[in-house]
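Heads up, upload.json below (JSON, C-alpha atoms):
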```
[["chain", "number", "residue", "atom", "x", "y", "z"],
["A", 1, "MET", "CA", 80.79, 83.64, 115.56],
["A", 2, "GLU", "CA", 80.01, 84.98, 112.10],
["A", 3, "ILE", "CA", 82.12, 87.74, 110.56],
["A", 4, "ARG", "CA", 80.20, 90.18, 108.38],
["A", 5, "PRO", "CA", 82.28, 92.77, 106.54],
["A", 6, "ASP", "CA", 80.92, 96.29, 106.20],
["A", 7, "ARG", "CA", 79.89, 96.46, 102.54],
["A", 8, "GLN", "CA", 80.24, 100.24, 102.25],
["A", 9, "LYS", "CA", 83.75, 100.19, 103.72],
["A", 10, "LEU", "CA", 84.81, 97.38, 101.38],
["A", 11, "LEU", "CA", 83.51, 99.31, 98.37],
["A", 12, "GLU", "CA", 85.21, 102.49, 99.53],
["A", 13, "MET", "CA", 88.49, 100.63, 100.11],
["A", 14, "ALA", "CA", 88.28, 99.00, 96.66],
["A", 15, "HIS", "CA", 88.23, 102.48, 95.09],
["A", 16, "TYR", "CA", 90.55, 104.23, 97.54],
["A", 17, "ARG", "CA", 93.72, 105.62, 96.01],
["A", 18, "MET", "CA", 97.04, 106.29, 97.70],
["A", 19, "PRO", "CA", 96.98, 110.03, 98.48],
["A", 20, "PHE", "CA", 100.74, 110.70, 98.52],
["A", 21, "GLY", "CA", 104.24, 109.46, 97.77],
["A", 22, "LYS", "CA", 105.78, 107.35, 95.06],
["A", 23, "TYR", "CA", 102.53, 105.44, 94.49],
["A", 24, "LYS", "CA", 100.21, 108.45, 94.61],
["A", 25, "ASP", "CA", 96.87, 107.85, 92.84],
["A", 26, "ARG", "CA", 97.28, 104.06, 92.66],
["A", 27, "TYR", "CA", 94.50, 101.91, 94.03],
["A", 28, "LEU", "CA", 95.54, 100.39, 97.34],
["A", 29, "VAL", "CA", 95.08, 96.90, 95.87],
["A", 30, "ASP", "CA", 97.73, 97.80, 93.26],
["A", 31, "LEU", "CA", 100.38, 98.81, 95.79],
["A", 32, "PRO", "CA", 103.38, 96.47, 95.94],
["A", 33, "ILE", "CA", 103.13, 94.11, 98.89],
["A", 34, "ALA", "CA", 106.65, 95.13, 99.92],
["A", 35, "TYR", "CA", 105.36, 98.70, 100.36],
["A", 36, "LEU", "CA", 102.52, 97.47, 102.58],
["A", 37, "VAL", "CA", 104.98, 95.41, 104.64],
["A", 38, "TRP", "CA", 107.21, 98.50, 104.95],
["A", 39, "PHE", "CA", 104.28, 100.44, 106.38],
["A", 40, "LYS", "CA", 103.63, 97.61, 108.83],
["A", 41, "LYS", "CA", 107.23, 97.81, 110.07],
["A", 42, "LYS", "CA", 107.29, 101.62, 110.25],
["A", 43, "GLY", "CA", 103.75, 102.02, 111.52],
["A", 44, "PHE", "CA", 100.60, 102.56, 109.52],
["A", 45, "PRO", "CA", 99.32, 106.13, 109.28],
["A", 46, "LYS", "CA", 96.54, 107.11, 111.65],
["A", 47, "GLY", "CA", 92.95, 107.12, 110.50],
["A", 48, "LYS", "CA", 91.16, 105.66, 107.51],
["A", 49, "LEU", "CA", 94.25, 105.37, 105.29],
["A", 50, "GLY", "CA", 96.13, 103.37, 107.92],
["A", 51, "ASP", "CA", 93.15, 101.09, 108.50],
["A", 52, "TYR", "CA", 92.78, 100.49, 104.77],
["A", 53, "LEU", "CA", 96.51, 99.85, 104.25],
["A", 54, "GLN", "CA", 96.53, 97.34, 107.10],
["A", 55, "THR", "CA", 93.42, 95.61, 105.78],
["A", 56, "MET", "CA", 94.87, 95.55, 102.26],
["A", 57, "LEU", "CA", 98.04, 93.90, 103.57],
["A", 58, "ASP", "CA", 95.88, 91.18, 105.13],
["A", 59, "ILE", "CA", 93.89, 90.80, 101.90],
["A", 60, "ARG", "CA", 96.99, 90.63, 99.72],
["A", 61, "SER", "CA", 98.85, 88.30, 102.11],
["A", 62, "ASN", "CA", 95.97, 85.85, 101.86],
["A", 63, "GLY", "CA", 95.62, 86.04, 98.08],
["A", 64, "LEU", "CA", 92.21, 87.70, 98.23],
["A", 65, "GLU", "CA", 92.90, 90.65, 95.91],
["A", 66, "PRO", "CA", 90.66, 89.15, 93.17],
["A", 67, "LEU", "CA", 87.72, 89.92, 95.47],
["A", 68, "ILE", "CA", 88.68, 93.61, 95.56],
["A", 69, "ARG", "CA", 89.16, 93.69, 91.78],
["A", 70, "LYS", "CA", 85.73, 92.11, 91.35],
["A", 71, "LEU", "CA", 84.21, 94.83, 93.53],
["A", 72, "GLN", "CA", 85.95, 97.47, 91.40],
["A", 73, "GLN", "CA", 84.45, 95.98, 88.23],
["A", 74, "GLU", "CA", 80.96, 95.23, 89.48],
["A", 75, "PHE", "CA", 80.54, 98.46, 91.45],
["A", 76, "PRO", "CA", 82.41, 101.17, 89.53],
["A", 77, "LYS", "CA", 82.89, 104.43, 91.32],
["A", 78, "GLU", "CA", 80.42, 106.99, 90.09]]
```
Whole structure, structure tokens version:
Amino acid sequence: MEIRPDRQKLLEMAHYRMPFGKYKDRYLVDLPIAYLVWFKKKGFPKGKLGDYLQTMLDIRSNGLEPLIRKLQQEFPKE
């Protein structure tokens, strides 16, 4: 079974900023991992933000954040 990530969703997530709270306007990749773990314990928000936070926790936990930073550089948001 081959896993193929959705390119558009990855690009959107790379440029998605936290919409509220202490870390408002930070890219999700720049959120402290402890904050992402806190969300996991308390429950991720519903919808796109929750999906992106959960995915970002997986990415960060596996040391893959350089891939997101590369997407940010190579595909700047217009």
> A:Leu64, A:Met1, A:Ile33, A:Leu53: which is nearest Pro19 (chain A), counting only C-alpha atoms?
Replying inline: A:Leu53
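For Leu49 (chain A), the residues within 12 Å (counting all atoms listed in the file, excluding itself and residues fewer than 2 positions away along the chain) are Lys9, Glu12, Met13, Tyr16, Arg17, Met18, Pro19, Phe20, Tyr27, Leu28, Leu36, Phe39, Gly43, Phe44, Pro45, Lys46, Gly47, Asp51, Tyr52, Leu53, Gln54, Thr55 and Met56 of chain A.
In this structure, CA of Lys22 (chain A) sits 16.6 Å away from CA of Gly50 (chain A).
Between CA of Arg4 (chain A) and CA of Lys41 (chain A) the separation is 28.1 Å.
Across the model, the gap from CA of Ala14 (chain A) to CA of Lys42 (chain A) is 23.5 Å.
Closest approach to Gln72 (chain A) among A:Val29, A:Glu2, A:Tyr23, A:Lys48: A:Val29, based on all atoms listed in the file.
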Output file: region 9-65 of chain A, C-alpha atoms, as a compact mmCIF listing (two decimals), in the first residue's frame:
```txt
# COMPACT_ATOMS: atom_id res chain seq x y z
CA LYS A 9 -3.27 20.20 2.01
CA LEU A 10 0.42 19.94 2.86
CA LEU A 11 1.09 23.36 1.33
CA GLU A 12 -1.88 24.87 3.13
CA MET A 13 -0.77 23.34 6.43
CA ALA A 14 2.80 24.62 5.93
CA HIS A 15 1.43 28.18 5.76
CA TYR A 16 -1.39 27.81 8.28
CA ARG A 17 -1.11 30.05 11.32
CA MET A 18 -2.57 29.52 14.77
CA PRO A 19 -5.77 31.60 14.79
CA PHE A 20 -6.05 32.25 18.55
CA GLY A 21 -4.43 32.11 21.97
CA LYS A 22 -0.93 32.63 23.26
CA TYR A 23 0.62 31.50 19.97
CA LYS A 24 -1.74 33.41 17.68
CA ASP A 25 -0.28 34.05 14.20
CA ARG A 26 2.56 31.53 14.58
CA TYR A 27 2.96 28.89 11.92
CA LEU A 28 1.78 25.53 13.22
CA VAL A 29 5.27 24.10 12.63
CA ASP A 30 6.61 26.73 15.06
CA LEU A 31 4.29 25.80 17.92
CA PRO A 32 6.03 24.22 20.91
CA ILE A 33 5.62 20.46 20.90
CA ALA A 34 4.39 20.64 24.50
CA TYR A 35 1.47 22.77 23.26
CA LEU A 36 0.61 20.17 20.62
CA VAL A 37 0.78 17.41 23.23
CA TRP A 38 -1.49 19.48 25.49
CA PHE A 39 -4.06 19.67 22.70
CA LYS A 40 -3.81 15.91 22.25
CA LYS A 41 -4.59 15.38 25.94
CA LYS A 42 -7.43 17.94 26.03
CA GLY A 43 -8.81 17.12 22.60
CA PHE A 44 -7.99 18.74 19.30
CA PRO A 45 -10.43 21.34 18.01
CA LYS A 46 -12.96 20.19 15.45
CA GLY A 47 -12.38 20.81 11.77
CA LYS A 48 -9.36 21.80 9.73
CA LEU A 49 -7.41 23.34 12.63
CA GLY A 50 -7.72 20.17 14.71
CA ASP A 51 -6.69 17.99 11.79
CA TYR A 52 -3.67 20.19 11.10
CA LEU A 53 -2.62 20.32 14.77
CA GLN A 54 -2.83 16.54 15.03
CA THR A 55 -0.87 16.08 11.81
CA MET A 56 1.73 18.61 12.96
CA LEU A 57 2.18 16.70 16.22
CA ASP A 58 2.88 13.56 14.19
CA ILE A 59 5.29 15.46 11.94
CA ARG A 60 7.14 17.07 14.84
CA SER A 61 7.23 13.84 16.89
CA ASN A 62 8.96 12.12 13.99
CA GLY A 63 11.46 14.92 13.33
CA LEU A 64 9.97 15.78 9.94
CA GLU A 65 9.54 19.54 10.45
```
